file model-v8.txt (compact mmCIF, C-alpha atoms and all ligand atoms)
# COMPACT_ATOMS: atom_id res chain seq x y z
CA MET N 192 1.78 -49.14 -8.87
CA ASN N 193 3.71 -49.02 -5.64
CA LYS N 194 6.28 -46.90 -7.37
CA LEU N 195 3.58 -44.50 -8.43
CA VAL N 196 2.17 -44.23 -4.92
CA PHE N 197 5.65 -43.68 -3.60
CA SER N 198 6.38 -40.90 -6.11
CA LEU N 199 3.07 -39.24 -5.31
CA PHE N 200 4.02 -39.41 -1.65
CA LEU N 201 7.39 -37.81 -2.42
CA ILE N 202 5.77 -35.10 -4.48
CA SER N 203 3.29 -34.23 -1.75
CA LEU N 204 6.10 -34.20 0.80
CA LEU N 205 8.10 -31.82 -1.37
CA TYR N 206 5.07 -29.67 -1.87
CA SER N 207 4.37 -29.36 1.85
CA CYS N 208 7.99 -28.41 2.49
CA SER N 209 8.14 -25.85 -0.31
CA SER N 210 8.14 -22.18 0.56
CA ASP N 211 4.90 -21.52 -1.31
CA LEU N 212 1.79 -20.50 0.55
CA SER N 213 -1.30 -22.67 0.25
CA GLU N 214 -4.43 -21.19 -1.31
CA ALA N 215 -6.06 -21.14 2.14
CA GLN N 216 -3.12 -19.22 3.62
CA LYS N 217 -3.17 -16.78 0.71
CA GLN N 218 -6.86 -16.16 1.30
CA GLU N 219 -6.30 -15.65 5.00
CA TYR N 220 -3.52 -13.07 4.46
CA THR N 221 -5.52 -11.36 1.72
CA LEU N 222 -8.43 -10.85 4.11
CA LYS N 223 -6.19 -9.66 6.94
CA GLY N 224 -4.22 -7.37 4.64
CA LYS N 225 -7.37 -5.79 3.24
CA GLU N 226 -8.72 -5.20 6.74
CA ILE N 227 -5.46 -3.60 7.94
CA ALA N 228 -5.15 -1.39 4.84
CA GLN N 229 -8.74 -0.24 5.21
CA SER N 230 -8.43 0.56 8.93
CA THR N 231 -5.19 2.47 8.34
CA ALA N 232 -6.70 4.44 5.45
CA GLU N 233 -9.78 5.27 7.52
CA GLY N 234 -7.65 6.29 10.50
CA MET N 235 -5.62 8.65 8.34
CA LEU N 236 -8.50 10.10 6.39
CA LYS N 237 -10.45 10.83 9.57
CA GLU N 238 -7.56 12.95 10.86
CA VAL N 239 -7.06 14.63 7.47
CA ALA N 240 -10.76 15.58 7.32
CA LYS N 241 -10.67 16.93 10.88
CA ASN N 242 -7.62 19.08 10.16
CA LYS N 243 -9.01 20.28 6.84
CA LYS N 244 -12.19 21.39 8.57
CA GLU N 245 -10.23 23.22 11.28
CA GLY N 246 -7.55 24.91 9.16
CA GLY N 247 -8.12 24.15 5.49
CA VAL N 248 -5.85 22.23 3.12
CA LYS N 249 -2.79 23.97 4.57
CA GLN N 250 -3.33 22.52 8.03
CA ALA N 251 -4.30 19.12 6.59
CA MET N 252 -1.10 19.08 4.54
CA ALA N 253 1.01 20.02 7.55
CA PHE N 254 -0.74 17.27 9.48
CA CYS N 255 0.08 14.62 6.82
CA ASN N 256 3.64 15.88 6.68
CA ALA N 257 4.10 15.60 10.44
CA HIS N 258 1.94 12.62 11.31
CA ALA N 259 1.29 10.25 8.36
CA PRO N 260 4.43 8.16 9.06
CA GLU N 261 3.52 8.02 12.77
CA ILE N 262 -0.04 6.88 12.02
CA THR N 263 1.21 3.98 9.85
CA LYS N 264 3.56 3.06 12.72
CA ASP N 265 0.72 3.13 15.25
CA PHE N 266 -1.43 0.87 13.08
CA SER N 267 1.59 -1.38 12.47
CA SER N 268 2.00 -2.00 16.20
CA LYS N 269 -1.74 -2.37 16.68
CA PHE N 270 -1.87 -5.21 14.11
CA GLY N 271 1.63 -6.62 14.75
CA VAL N 272 2.72 -6.03 11.14
CA GLN N 273 4.79 -3.53 9.18
CA ILE N 274 2.64 -1.23 7.06
CA ASN N 275 4.09 0.80 4.20
CA ARG N 276 2.55 2.98 1.53
CA THR N 277 4.68 3.52 -1.50
CA SER N 278 4.37 4.88 -5.03
CA HIS N 279 5.98 5.31 -8.45
CA LEU N 280 5.33 9.05 -8.04
CA LEU N 281 6.50 9.95 -4.57
CA ARG N 282 5.79 12.86 -2.34
CA ASN N 283 7.79 11.70 0.68
CA GLU N 284 11.04 10.13 -0.50
CA LYS N 285 11.14 8.11 2.71
CA ASN N 286 8.28 6.07 1.22
CA ALA N 287 10.45 4.91 -1.72
CA PRO N 288 9.59 1.43 -3.04
CA THR N 289 11.81 -1.63 -2.70
CA GLN N 290 12.69 -3.42 -5.93
CA ARG N 291 9.84 -5.90 -5.43
CA GLU N 292 7.37 -3.11 -4.60
CA GLN N 293 8.35 -1.32 -7.80
CA GLU N 294 7.73 -4.55 -9.76
CA ILE N 295 4.29 -4.88 -8.17
CA ILE N 296 3.46 -1.24 -9.01
CA ASP N 297 4.58 -1.81 -12.62
CA LEU N 298 2.42 -4.92 -12.78
CA TYR N 299 -0.65 -3.02 -11.53
CA LEU N 300 0.05 -0.16 -13.96
CA SER N 301 0.10 -2.64 -16.84
CA GLN N 302 -3.29 -4.12 -15.90
CA LYS N 303 -6.82 -2.82 -16.35
CA PRO N 304 -7.67 -0.66 -13.29
CA ASP N 305 -10.84 -2.67 -12.61
CA ALA N 306 -9.01 -6.00 -12.65
CA LEU N 307 -6.47 -5.27 -9.91
CA LYS N 308 -6.30 -7.79 -7.09
CA PRO N 309 -4.21 -7.96 -3.92
CA ILE N 310 -1.06 -10.09 -4.14
CA VAL N 311 0.27 -12.22 -1.28
CA GLU N 312 3.67 -13.89 -1.34
CA LYS N 313 6.32 -15.27 0.95
CA ASN N 314 9.54 -13.29 1.45
CA SER N 315 12.88 -15.09 1.50
CA ASP N 316 13.09 -14.63 5.30
CA GLY N 317 9.78 -16.48 5.79
CA SER N 318 7.66 -13.38 6.44
CA VAL N 319 4.59 -12.83 4.28
CA GLN N 320 3.97 -9.72 2.19
CA PHE N 321 0.58 -8.34 1.15
CA TYR N 322 0.32 -5.85 -1.69
CA ALA N 323 -2.77 -3.97 -2.85
CA PRO N 324 -3.33 -1.01 -5.16
CA ILE N 325 -4.17 2.43 -3.75
CA LYS N 326 -6.53 4.21 -6.08
CA LEU N 327 -7.03 7.95 -6.08
CA LEU N 328 -10.41 9.10 -4.81
CA ASP N 329 -12.08 12.41 -5.51
CA LYS N 330 -11.25 13.67 -2.01
CA CYS N 331 -7.52 13.07 -2.59
CA THR N 332 -7.31 15.50 -5.52
CA VAL N 333 -7.00 18.64 -3.35
CA CYS N 334 -3.49 17.42 -2.53
CA HIS N 335 -2.61 15.08 -5.43
CA GLY N 336 -4.76 16.33 -8.34
CA VAL N 337 -4.21 18.24 -11.55
CA ILE N 338 -3.02 21.80 -10.84
CA GLY N 339 -5.46 24.41 -12.03
CA GLU N 340 -8.19 21.78 -12.41
CA THR N 341 -8.78 19.69 -9.30
CA MET N 342 -5.88 21.08 -7.27
CA GLU N 343 -5.31 24.75 -6.54
CA ALA N 344 -1.88 26.15 -7.43
CA LYS N 345 -1.58 27.63 -3.93
CA ASN N 346 -1.88 24.16 -2.45
CA ASP N 347 0.83 22.90 -4.77
CA SER N 348 3.05 25.72 -3.45
CA ILE N 349 2.46 24.46 0.09
CA VAL N 350 3.46 20.96 -1.05
CA LYS N 351 6.62 22.18 -2.75
CA VAL N 352 7.82 23.97 0.40
CA LEU N 353 7.51 20.73 2.37
CA TYR N 354 8.58 18.42 -0.48
CA PRO N 355 10.71 20.26 -3.08
CA ASN N 356 11.03 17.04 -5.14
CA ASP N 357 7.33 16.16 -5.00
CA LYS N 358 6.11 14.01 -7.89
CA ALA N 359 2.71 13.10 -6.43
CA ILE N 360 0.49 15.48 -8.40
CA GLY N 361 -1.47 15.23 -11.63
CA PHE N 362 -3.57 12.25 -10.56
CA LYS N 363 -7.17 11.78 -11.65
CA GLU N 364 -9.89 9.91 -9.81
CA GLY N 365 -9.40 6.15 -10.28
CA ASP N 366 -5.68 6.43 -11.11
CA ILE N 367 -3.25 4.17 -9.29
CA ARG N 368 -1.67 6.41 -6.69
CA GLY N 369 0.55 3.69 -5.25
CA ILE N 370 0.34 0.49 -3.24
CA TRP N 371 -0.07 -0.82 0.27
CA SER N 372 2.77 -3.13 1.25
CA ILE N 373 2.17 -4.97 4.50
CA LYS N 374 4.63 -7.39 6.04
CA PHE N 375 3.38 -10.14 8.34
CA PRO N 376 6.13 -11.51 10.59
CA LYS N 377 7.22 -15.14 10.20
CA LYS N 378 4.99 -17.37 12.33
C1 LIG C 1 -4.22 17.26 2.88
C2 LIG C 1 -3.45 16.78 1.79
C3 LIG C 1 -3.53 15.34 1.39
C4 LIG C 1 -4.65 14.62 1.07
C5 LIG C 1 -6.11 15.07 1.11
C6 LIG C 1 -4.19 13.32 0.66
N1 LIG C 1 -2.83 13.24 0.73
FE1 LIG C 1 -1.66 11.65 0.23
N2 LIG C 1 -0.04 12.60 0.96
C7 LIG C 1 -0.01 13.89 1.46
C8 LIG C 1 1.30 14.15 2.03
C9 LIG C 1 1.74 15.46 2.67
C10 LIG C 1 2.04 12.98 1.87
C11 LIG C 1 3.48 12.72 2.34
C12 LIG C 1 3.47 12.32 3.81
C13 LIG C 1 3.58 10.85 4.02
O1 LIG C 1 2.53 10.17 3.88
O2 LIG C 1 4.65 10.36 4.31
C14 LIG C 1 1.17 12.02 1.21
C15 LIG C 1 1.56 10.73 0.86
C16 LIG C 1 0.75 9.82 0.24
C17 LIG C 1 1.16 8.47 -0.13
C18 LIG C 1 2.52 7.81 0.17
C19 LIG C 1 3.46 7.80 -0.98
C20 LIG C 1 4.18 9.12 -1.20
O3 LIG C 1 4.03 9.65 -2.30
O4 LIG C 1 4.88 9.60 -0.27
C21 LIG C 1 0.09 7.89 -0.72
C22 LIG C 1 0.03 6.47 -1.28
C23 LIG C 1 -0.99 8.85 -0.70
N3 LIG C 1 -0.55 10.01 -0.13
C24 LIG C 1 -2.25 8.60 -1.19
C25 LIG C 1 -3.35 9.42 -0.93
C26 LIG C 1 -4.73 9.05 -1.22
C27 LIG C 1 -5.16 7.77 -1.88
C28 LIG C 1 -5.50 10.08 -0.76
C29 LIG C 1 -7.01 10.15 -0.72
C30 LIG C 1 -7.72 9.02 -0.15
C31 LIG C 1 -4.61 11.10 -0.24
N4 LIG C 1 -3.30 10.65 -0.35
C32 LIG C 1 -5.03 12.30 0.26
C33 LIG C 1 -1.06 14.79 1.42
C34 LIG C 1 -2.38 14.45 1.19

call {"tool": "encode", "arguments": {"input": "model-v8.txt", "output": "structure tokens", "more": "lines below"}}
Ligand code: HEC
result
Amino acid sequence: MNKLVFSLFLISLLYSCSSDLSEAQKQEYTLKGKEIAQSTAEGMLKEVAKNKKEGGVKQAMAFCNAHAPEITKDFSSKFGVQINRTSHLLRNEKNAPTQREQEIIDLYLSQKPDALKPIVEKNSDGSVQFYAPIKLLDKCTVCHGVIGETMEAKNDSIVKVLYPNDKAIGFKEGDIRGIWSIKFPKK
């Protein structure tokens, strides 16, 4: 019996030292990650809408081109994390996925769109990474939609001037456009 108690003690000790996150920690990072992703998305979309109203899709596109990276940086410093948006079909090549991000995207693409859940895991350096799918909404199609259907060809021409290698078109509402990838520093 004593042996059993002792082994249980050893197991629990090993468990507490392991690099895995507890369920409570996972839940905590999931909530924080969701909140950060939502605030960042809202912050961006507010500016996109304002620019679209002022100068149409052309101005909104120019705005995203010039300021989207800066907005993610601003929100990153605000929350003390590192926010990235990445995709399997990139517009801005600077947003290219890491190997792990590509694996997460592939996993989401293999699942039913309604069943997708955020994923939280520990990185090898002790930081924590939050991933969540980014789904395409109706209002995104002007810049990422199907040419000749939901996206005007003239808007695609604007995209191709800014991003000659653009792959981020042809999406339909509800499609997985990419993922949020948010790194929380090691505590
Ligand atoms: C006015 C045009 C416009 C609209 C509307 C728009 N985007 Fe984009 N999107 C861009 C541009 C330009 C970039 C590249 C700039 C950047 O983010 O680095 C981009 C980049 C992205 C990226 C980063 C990955 C990549 O391919 O570079 C994601 C993810 C994304 N958009 C999702 C969305 C979603 C979701 C919506 C709707 C909620 C949306 N976009 C609406 C123009 C737009």

call {"tool": "residues_around", "arguments": {"input": "model-v8.txt", "residues": "Arg276 (chain N)", "least_positions_apart": "4", "cutoff": "8 Å", "atoms": "only C-alpha atoms", "output": "PyMOL selection string"}}
result
chain N and resi 286+369-372

call {"tool": "atom_distance", "arguments": {"input": "model-v8.txt", "atom1": "CA of Ala240 (chain N)", "atom2": "atom C1 of ligand LIG 1 (chain C)"}}
result
8.1 Å

call {"tool": "axis_aligned_box", "arguments": {"input": "model-v8.txt", "around": "region 240-245 of chain N", "padding_each_side": "3 Å", "output": "lines of an AutoDock Vina configuration file"}}
result
center_x = -9.9
center_y = 19.4
center_z = 9.1
size_x = 10.6
size_y = 13.6
size_z = 10.4

call {"tool": "residues_around", "arguments": {"input": "model-v8.txt", "residues": "region 256-273 of chain N", "least_positions_apart": "5", "cutoff": "7 Å", "atoms": "all atoms listed in the file", "output": "MDAnalysis selection string"}}
result
chainID N and resid 231 235 373:376

call {"tool": "closest_residue", "arguments": {"input": "model-v8.txt", "among": "N:Ser315, N:Asn275, N:Thr332, N:Gln229", "to": "Asp366 (chain N)", "atoms": "only C-alpha atoms"}}
result
N:Thr332

call {"tool": "residues_around", "arguments": {"input": "model-v8.txt", "residues": "Leu281 (chain N)", "least_positions_apart": "3", "cutoff": "8 Å", "atoms": "only C-alpha atoms", "output": "list in words"}}
result
Thr277, Ser278, Glu284, Asn286, Ala287, Asp357, Lys358 and Ala359 of chain N

call {"tool": "closest_residue", "arguments": {"input": "model-v8.txt", "among": "N:Val239, N:Ile349, N:Ile338, N:Ile310", "to": "ligand LIG 1 (chain C)", "atoms": "only C-alpha atoms and all ligand atoms"}}
result
N:Val239

call {"tool": "closest_residue", "arguments": {"input": "model-v8.txt", "among": "N:Lys378, N:Lys244, N:Lys285, N:Lys217", "to": "ligand LIG 1 (chain C)", "atoms": "all atoms listed in the file"}}
result
N:Lys285

call {"tool": "residues_around", "arguments": {"input": "model-v8.txt", "residues": "Lys243 (chain N)", "least_positions_apart": "5", "cutoff": "12 Å", "atoms": "only C-alpha atoms", "output": "ChimeraX atom specification"}}
result
/N:236-238,248-255,330-331,333-334

call {"tool": "write_last_selection", "arguments": {"input": "model-v8.txt", "atoms": "C-alpha atoms", "output": "mmCIF file, keeping the file's coordinate frame"}}
result
data_model
loop_
_atom_site.group_PDB
_atom_site.id
_atom_site.type_symbol
_atom_site.label_atom_id
_atom_site.label_comp_id
_atom_site.auth_asym_id
_atom_site.auth_seq_id
_atom_site.Cartn_x
_atom_site.Cartn_y
_atom_site.Cartn_z
ATOM 1 C CA LEU N 236 -8.500 10.100 6.390
ATOM 2 C CA LYS N 237 -10.450 10.830 9.570
ATOM 3 C CA GLU N 238 -7.560 12.950 10.860
ATOM 4 C CA VAL N 248 -5.850 22.230 3.120
ATOM 5 C CA LYS N 249 -2.790 23.970 4.570
ATOM 6 C CA GLN N 250 -3.330 22.520 8.030
ATOM 7 C CA ALA N 251 -4.300 19.120 6.590
ATOM 8 C CA MET N 252 -1.100 19.080 4.540
ATOM 9 C CA ALA N 253 1.010 20.020 7.550
ATOM 10 C CA PHE N 254 -0.740 17.270 9.480
ATOM 11 C CA CYS N 255 0.080 14.620 6.820
ATOM 12 C CA LYS N 330 -11.250 13.670 -2.010
ATOM 13 C CA CYS N 331 -7.520 13.070 -2.590
ATOM 14 C CA VAL N 333 -7.000 18.640 -3.350
ATOM 15 C CA CYS N 334 -3.490 17.420 -2.530
#

call {"tool": "closest_residue", "arguments": {"input": "model-v8.txt", "among": "N:Glu364, N:Asp211, N:Glu292, N:Glu245", "to": "Phe321 (chain N)", "atoms": "all atoms listed in the file"}}
result
N:Glu292

call {"tool": "atom_distance", "arguments": {"input": "model-v8.txt", "atom1": "atom C13 of ligand LIG 1 (chain C)", "atom2": "CA of Asn283 (chain N)"}}
result
5.4 Å

call {"tool": "build_atoms", "arguments": {"input": "model-v8.txt", "residues": "region 245-260 of chain N", "atoms": "N, CA, C and O atoms", "output": "short mmCIF file (atom, residue, chain, number, x, y, z; two decimals), keeping the file's coordinate frame"}}
result
data_model
loop_
_atom_site.label_atom_id
_atom_site.label_comp_id
_atom_site.auth_asym_id
_atom_site.auth_seq_id
_atom_site.Cartn_x
_atom_site.Cartn_y
_atom_site.Cartn_z
N GLU N 245 -10.74 22.22 10.33
CA GLU N 245 -10.23 23.22 11.28
C GLU N 245 -9.41 24.31 10.60
O GLU N 245 -9.58 25.48 10.87
N GLY N 246 -8.49 23.92 9.69
CA GLY N 246 -7.55 24.91 9.16
C GLY N 246 -7.28 24.80 7.68
O GLY N 246 -6.22 25.22 7.21
N GLY N 247 -8.24 24.23 6.95
CA GLY N 247 -8.12 24.15 5.49
C GLY N 247 -7.05 23.16 5.05
O GLY N 247 -6.47 22.43 5.85
N VAL N 248 -6.79 23.17 3.71
CA VAL N 248 -5.85 22.23 3.12
C VAL N 248 -4.45 22.42 3.71
O VAL N 248 -3.71 21.46 3.92
N LYS N 249 -4.13 23.68 4.03
CA LYS N 249 -2.79 23.97 4.57
C LYS N 249 -2.54 23.19 5.85
O LYS N 249 -1.50 22.53 6.01
N GLN N 250 -3.50 23.24 6.76
CA GLN N 250 -3.33 22.52 8.03
C GLN N 250 -3.35 21.00 7.80
O GLN N 250 -2.59 20.26 8.43
N ALA N 251 -4.22 20.56 6.87
CA ALA N 251 -4.30 19.12 6.59
C ALA N 251 -2.97 18.62 6.01
O ALA N 251 -2.50 17.54 6.35
N MET N 252 -2.38 19.45 5.15
CA MET N 252 -1.10 19.08 4.54
C MET N 252 -0.01 19.00 5.61
O MET N 252 0.77 18.04 5.64
N ALA N 253 0.02 20.01 6.48
CA ALA N 253 1.01 20.02 7.55
C ALA N 253 0.82 18.80 8.45
O ALA N 253 1.79 18.19 8.91
N PHE N 254 -0.45 18.44 8.65
CA PHE N 254 -0.74 17.27 9.48
C PHE N 254 -0.16 16.00 8.84
O PHE N 254 0.53 15.22 9.49
N CYS N 255 -0.44 15.82 7.52
CA CYS N 255 0.08 14.62 6.82
C CYS N 255 1.60 14.59 6.89
O CYS N 255 2.21 13.55 7.12
N ASN N 256 2.18 15.78 6.66
CA ASN N 256 3.64 15.88 6.68
C ASN N 256 4.21 15.43 8.03
O ASN N 256 5.16 14.67 8.10
N ALA N 257 3.57 15.89 9.10
CA ALA N 257 4.10 15.60 10.44
C ALA N 257 3.68 14.24 10.97
O ALA N 257 4.42 13.62 11.73
N HIS N 258 2.49 13.79 10.61
CA HIS N 258 1.94 12.62 11.31
C HIS N 258 1.64 11.37 10.49
O HIS N 258 1.41 10.31 11.08
N ALA N 259 1.64 11.46 9.15
CA ALA N 259 1.29 10.25 8.36
C ALA N 259 2.21 9.07 8.70
O ALA N 259 1.74 7.96 8.95
N PRO N 260 3.54 9.29 8.75
CA PRO N 260 4.43 8.16 9.06
C PRO N 260 4.13 7.56 10.44
O PRO N 260 4.14 6.33 10.62
#
